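Trainee: Below is a structure I'd like to ask you about.
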Amino acid sequence: MVTIHTVSTPSKRPALGISGTQKQALRVWAQSQNPRPSQSQCSAWFERTYGRSLSQSTISSILSKRFDHLDSGPASALSRQLAPQWPLLETPLCEWLASQEPGPTPSADVIITKAREIWNQIPEYQTLPHPHFSNGWLNRFKKRYAIQIRDRQDGVPPLPPHIGRKERKALKTFCGEFPEGDIYNMDETGLFWRKPPFGVSPTQDQLTTKRENSRVCLMLCTNSTGSDRLPLWVIGHTHTPEAFRRVNLRTMDIHWRYHRQAWLTQSIMQEWLLFFYNHVRDRRVLLLLDNHPDHQAAVEATPPPPNVHVQLFPTQSGTSNEQQLINLGISQTLKHYYRRQWLAYIVAGKGSPQNPVYTMSLYHAISWITQSWRHDLANAIIYRAFRKSSLMDPQIEFITAPKTPDLTSLYETVTRNNPEGRTVTSLENFTYPVDEDFEGVSNAGGFNVEGEPTLQDMDDAIVSTLPEQLVPPAVYAVTGIQTAIRHLAHQPWATATDLQALERIGRMIDRTAVDERPQEHIVETIRYPVDI
C-alpha cells in the first residue's frame with residue numbers, strides 16, 4: 001500500500017495597503033518633530049498608532065517628494081493613492097472646487113474645462129504637451145481628493161448606451177439614402193488668430209496679453225467628398241474691424257458676422273441656414289449638425305425646404321468626437337496650415353522695427369485661412385474624416401491623404417529669436433491650443449474698465465495701421481503681377497493660359513493706377529515694366 005502525502009500550500013497573507021490618510025498622518029507627525037525623527041522612530045510611531053509596522057524603505061518612500069501633494073490637500077482613505085502627475089495643476093484646481101458656493105458639485109465637463117484654464121496659467125507646464133484630461137485622470141483626481149462629480153451639468157443621467165447605438169445605426173441607415181456628394185456637415189471652431197508660440201512676458205501688460213489671445217469663430221461646412229466647400233463664415237467681436245476698412249469681402253469669398261463673445265448665436269445660425277438652403281437650391285441633400293441648443297432653435301425657427309433634410313446628432317453622441325465630422329481631422333488640418341503661414345509671417349518680420357505679433361491684423365488671418373480652406377486642405381482629408389465617424393461606409397478602400405507640413409523648422413526659428421525672454425510654448429500646444437473651442441472662454445473684456453480690452457481691441461491690430469497703409473497703391477499691385485509674369489515665363493510647367501490670366505488682371509489694375517501716377521512714371525512703366 002502506497003501512502004500519498006499531500007503537501008498543503010500555506011495560504012497567502014493578503015497584502016495590507018496604506019491609505020492616503022495614514023500616509024498624510026505620518027508626514028504631519030514627522031514634520032512636526034524637532035529634530036527630524038529617524039526611520040526607525042517613524043516606524044515605531046506608526047506601529048503605536050495603527051498597530052502595524054512599516055519597513056524603512058516604505059517609510060522613506062512616504063516621506064519623499066513623491067507624496068508632497070498630501071501636504072497641501074485632503075487625503076483619501078483608499079489604500080492605493082498615487083501621486084498626481086501634475087501637482088501644480090491639481091492643488092489650485094482643488095482650491096477652486098473648495099471655493100465654489102454650496103450646492104451641487106460642478107460637472108465633469110466643467111472641472112476639465114477649469115483644469116485646461118489653470119494649465120495654461122502655469123509657466124512650468126507651458127513647454128510640456130497639453131494633457132488630454134481623460135476619464136482615467138478625472139477618476140484618480142476624484143479619489144485623491146474624495147470628490148463626488150456629476151457626469152452631467154443638469155443632473156440628468158445619460159441615456160443608456162444601447163439607445164445611443166440604435167440612434168447611430170438609424171442615422172447611418174439614413175445617410176445611406178443620399179449620394180456621398182450630397183451629405184454635408186457644418187460645425188464651428190475657434191481660432192486664436194494672433195497667439196504667438198510664447199507665454200506671457202514679465203514686462204507685458206494685461207491688455208496686450210489678452211489681445212494676443214484674440215479669437216474668432218469659424219463656421220466650416222463641406223460635403224463628404226470635399227468637392228463642395230461653402231465659403232467660410234467668420235464671427236468676430238465688432239461690426240467693422242480696422243483691417244477690413246475698404247476691403248471688398250465678397251472678393252475674398254467670406255461672410256463676416258459679429259457677436260460680443262465672437263461665437264455662434266441662434267440669429268447667426270438662422271442666417272447661415274438660409275444661406276445654405278439657397279446654396280444647394282433644388283438638390284436633395286442631408287445636413288448633419290450637432291445638437292447644440294442654438295442649432296436646434298435655429299432649425300425650428302427656420303424650417304428647411306422639402307429637398308433639404310437637417311439631421312441633428314443623437315443626444316448622447318452630440319458630445320462625442322466619434323460623431324463630430326469636422327472635428328475628425330478637418331478643422332485640425334486647416335489650423336495647421338494657418339499656423340504655418342503665421343510662423344512664416346513672424347519670421348519674415350523679425351528684422352522690422354515693429355513686433356510682427358503687434359502688426360498682425362485680421363486681414364492677414366482671414367486671407368490665410370480662406371486660402372488654406374480653398375487650396376491647402378485636401379479632399380482626401382475631408383473624405384477620410386467623414387468615414388471615421390462610422391456614419392458612412394468607405395467607398396474607396398485605399399485613399400491616401402497628404403501629410404500636413406512639418407512646422408518644426410519655422411517654429412524653432414521663431415522661438416530662437418526671443419528677445420523678451422518669454423517662456424516658449426510647446427509646438428503641440430501652439431499648433432492645437434486646447435481651449436480654442438470653448439464657448440465659455442470670452443475674449444471680450446469690459447467696455448470701460450481700466451486694463452481690460454474693448455471689443456474693438458480684440459479685432460484690431462495691437463499697433464494701429466496707418467490709413468495709407470491699409471490699401472497698397474495700384475502701382476505696387478501692377479509691379480507684383482509683372483514680377484509674377486516674369487517668374488512664370490521661366491517655368492517649364494507654366495502655360496499660355498496662366499500668363500494670359502495674369503496679364504488680364506494686370507491690365508485691369510493698371511487702368512485704376514493711371515490716376516495715381518505721374519505721366520513720366522507711366523512711360524517708365526511701359527519701358528521697364530518689371531523694374532518699377
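Following the order of the C-alpha cells, first chain is A, next is B, and so on, with residues numbered from 1 inside each chain and ligands from 1 in the order they appear.
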Any idea what's packed within 7 Å of Arg194 (chain A), counting only C-alpha atoms, ignoring anything in its chain fewer than 5 positions away? Could you give it as a PyMOL selection string?
Mentor: chain A and resi 212-214+357+360
Trainee: Please extract the residues of region 171-350 of chain A with a backbone DSSP assignment of strand (DSSP E) and present them as an MDAnalysis selection string.
Mentor: chainID A and resid 183:192 215:223 232:236 254:258 285:289 308:312
Trainee: Using only N, CA and C atoms, please write the residues we just selected to a file, as a compact mmCIF listing (two decimals), in the first residue's frame.
Mentor:
```
# COMPACT_ATOMS: atom_id res chain seq x y z
N ILE A 183 -24.11 64.79 -48.88
CA ILE A 183 -24.14 64.74 -47.41
C ILE A 183 -23.18 65.82 -46.90
N TYR A 184 -23.70 66.75 -46.11
CA TYR A 184 -22.94 67.89 -45.62
C TYR A 184 -22.85 67.87 -44.09
N ASN A 185 -21.83 68.53 -43.59
CA ASN A 185 -21.71 68.75 -42.16
C ASN A 185 -21.22 70.17 -41.93
N MET A 186 -21.82 70.83 -40.95
CA MET A 186 -21.37 72.16 -40.55
C MET A 186 -21.03 72.12 -39.07
N ASP A 187 -19.92 72.75 -38.72
CA ASP A 187 -19.56 72.88 -37.31
C ASP A 187 -18.72 74.13 -37.15
N GLU A 188 -18.77 74.69 -35.95
CA GLU A 188 -17.99 75.89 -35.67
C GLU A 188 -16.76 75.52 -34.84
N THR A 189 -15.72 76.30 -35.03
CA THR A 189 -14.48 76.08 -34.29
C THR A 189 -13.82 77.42 -34.04
N GLY A 190 -13.14 77.54 -32.91
CA GLY A 190 -12.46 78.79 -32.59
C GLY A 190 -11.08 78.85 -33.21
N LEU A 191 -10.53 80.05 -33.31
CA LEU A 191 -9.18 80.25 -33.85
C LEU A 191 -8.53 81.41 -33.11
N PHE A 192 -7.46 81.12 -32.36
CA PHE A 192 -6.63 82.19 -31.79
C PHE A 192 -5.76 82.72 -32.92
N ARG A 215 -9.66 85.90 -30.39
CA ARG A 215 -10.21 84.71 -31.02
C ARG A 215 -11.36 85.09 -31.95
N VAL A 216 -11.48 84.36 -33.04
CA VAL A 216 -12.64 84.44 -33.91
C VAL A 216 -13.24 83.04 -33.99
N CYS A 217 -14.47 82.97 -34.44
CA CYS A 217 -15.15 81.69 -34.62
C CYS A 217 -15.31 81.43 -36.11
N LEU A 218 -14.92 80.24 -36.55
CA LEU A 218 -15.05 79.85 -37.95
C LEU A 218 -16.21 78.87 -38.09
N MET A 219 -17.07 79.10 -39.06
CA MET A 219 -18.15 78.16 -39.39
C MET A 219 -17.74 77.42 -40.66
N LEU A 220 -17.44 76.13 -40.52
CA LEU A 220 -16.96 75.31 -41.64
C LEU A 220 -18.06 74.39 -42.10
N CYS A 221 -18.26 74.32 -43.40
CA CYS A 221 -19.25 73.41 -43.95
C CYS A 221 -18.74 72.84 -45.28
N THR A 222 -18.84 71.53 -45.43
CA THR A 222 -18.41 70.87 -46.66
C THR A 222 -19.22 69.61 -46.84
N ASN A 223 -19.25 69.12 -48.08
CA ASN A 223 -19.85 67.80 -48.29
C ASN A 223 -18.81 66.73 -48.02
N LEU A 232 -16.36 80.36 -46.06
CA LEU A 232 -16.26 80.45 -44.60
C LEU A 232 -17.11 81.60 -44.06
N TRP A 233 -17.75 81.33 -42.94
CA TRP A 233 -18.37 82.38 -42.14
C TRP A 233 -17.46 82.59 -40.93
N VAL A 234 -17.11 83.85 -40.68
CA VAL A 234 -16.20 84.20 -39.59
C VAL A 234 -16.94 85.14 -38.65
N ILE A 235 -16.91 84.82 -37.36
CA ILE A 235 -17.59 85.62 -36.34
C ILE A 235 -16.54 86.28 -35.47
N GLY A 236 -16.53 87.62 -35.47
CA GLY A 236 -15.64 88.38 -34.61
C GLY A 236 -16.41 89.14 -33.56
N ILE A 254 -15.79 85.43 -48.18
CA ILE A 254 -16.09 85.11 -46.79
C ILE A 254 -17.27 85.96 -46.34
N HIS A 255 -17.90 85.51 -45.27
CA HIS A 255 -19.01 86.24 -44.67
C HIS A 255 -18.63 86.59 -43.24
N TRP A 256 -18.60 87.88 -42.92
CA TRP A 256 -18.20 88.34 -41.60
C TRP A 256 -19.44 88.66 -40.77
N ARG A 257 -19.49 88.12 -39.58
CA ARG A 257 -20.54 88.42 -38.62
C ARG A 257 -19.89 88.76 -37.28
N TYR A 258 -20.62 89.33 -36.38
CA TYR A 258 -20.01 89.72 -35.12
C TYR A 258 -20.95 89.44 -33.95
N VAL A 285 -30.48 67.08 -50.34
CA VAL A 285 -29.24 66.94 -49.59
C VAL A 285 -29.56 66.66 -48.12
N LEU A 286 -28.54 66.18 -47.42
CA LEU A 286 -28.62 65.92 -45.98
C LEU A 286 -27.60 66.80 -45.28
N LEU A 287 -28.04 67.57 -44.29
CA LEU A 287 -27.16 68.42 -43.50
C LEU A 287 -27.11 67.87 -42.09
N LEU A 288 -25.90 67.51 -41.65
CA LEU A 288 -25.70 66.96 -40.30
C LEU A 288 -25.18 68.06 -39.38
N LEU A 289 -25.84 68.20 -38.22
CA LEU A 289 -25.46 69.20 -37.23
C LEU A 289 -25.39 68.55 -35.86
N VAL A 308 -34.23 69.65 -48.46
CA VAL A 308 -33.11 69.68 -47.52
C VAL A 308 -33.53 68.96 -46.24
N HIS A 309 -32.79 67.95 -45.88
CA HIS A 309 -33.06 67.19 -44.65
C HIS A 309 -31.98 67.57 -43.63
N VAL A 310 -32.39 68.20 -42.54
CA VAL A 310 -31.46 68.59 -41.48
C VAL A 310 -31.57 67.55 -40.36
N GLN A 311 -30.45 66.93 -40.03
CA GLN A 311 -30.44 65.87 -39.03
C GLN A 311 -29.48 66.26 -37.90
N LEU A 312 -30.01 66.35 -36.67
CA LEU A 312 -29.18 66.59 -35.50
C LEU A 312 -28.65 65.27 -34.98
```
Trainee: As a VMD selection string, which residues of region 227-432 of chain A does DSSP assign to helix (DSSP H, G or I)?
Mentor: chain A and resid 242 to 244 249 to 252 266 to 280 293 to 301 316 to 319 330 to 348 356 to 359 362 to 376 379 to 388 408 to 416 427 to 431
Trainee: Could you list, as a PyMOL selection string, every residue within 7 Å of region 264-276 of chain A, counting only C-alpha atoms and ignoring same-chain residues fewer than 4 positions away?
Mentor: chain A and resi 280+294-295+297-298+302
Trainee: With distances taken over only C-alpha atoms, which of A:Leu362, A:Ile111, A:Ile509, A:Leu325 is nearest to Ala243 (chain A)?
Mentor: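 Ranked by minimum distance to Ala243 (chain A), first place goes to A:Leu362.
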Trainee: Using only C-alpha atoms, which protein or nucleic acid residues come within 12 Å of region 335-342 of chain A? Drop anything in the same chain fewer than 6 positions from it, and give the result as a ChimeraX atom specification.
Mentor: /A:189-197,218,220,327,329,348-349,356-357,359-362,364-378,403-411,414,427-433,436
Trainee: Just give me the gap between CA of Thr238 (chain A) and CA of Arg260 (chain A) in Å, one decimal is fine.
Mentor: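 Separation of CA of Thr238 (chain A) and CA of Arg260 (chain A): 7.4 Å.
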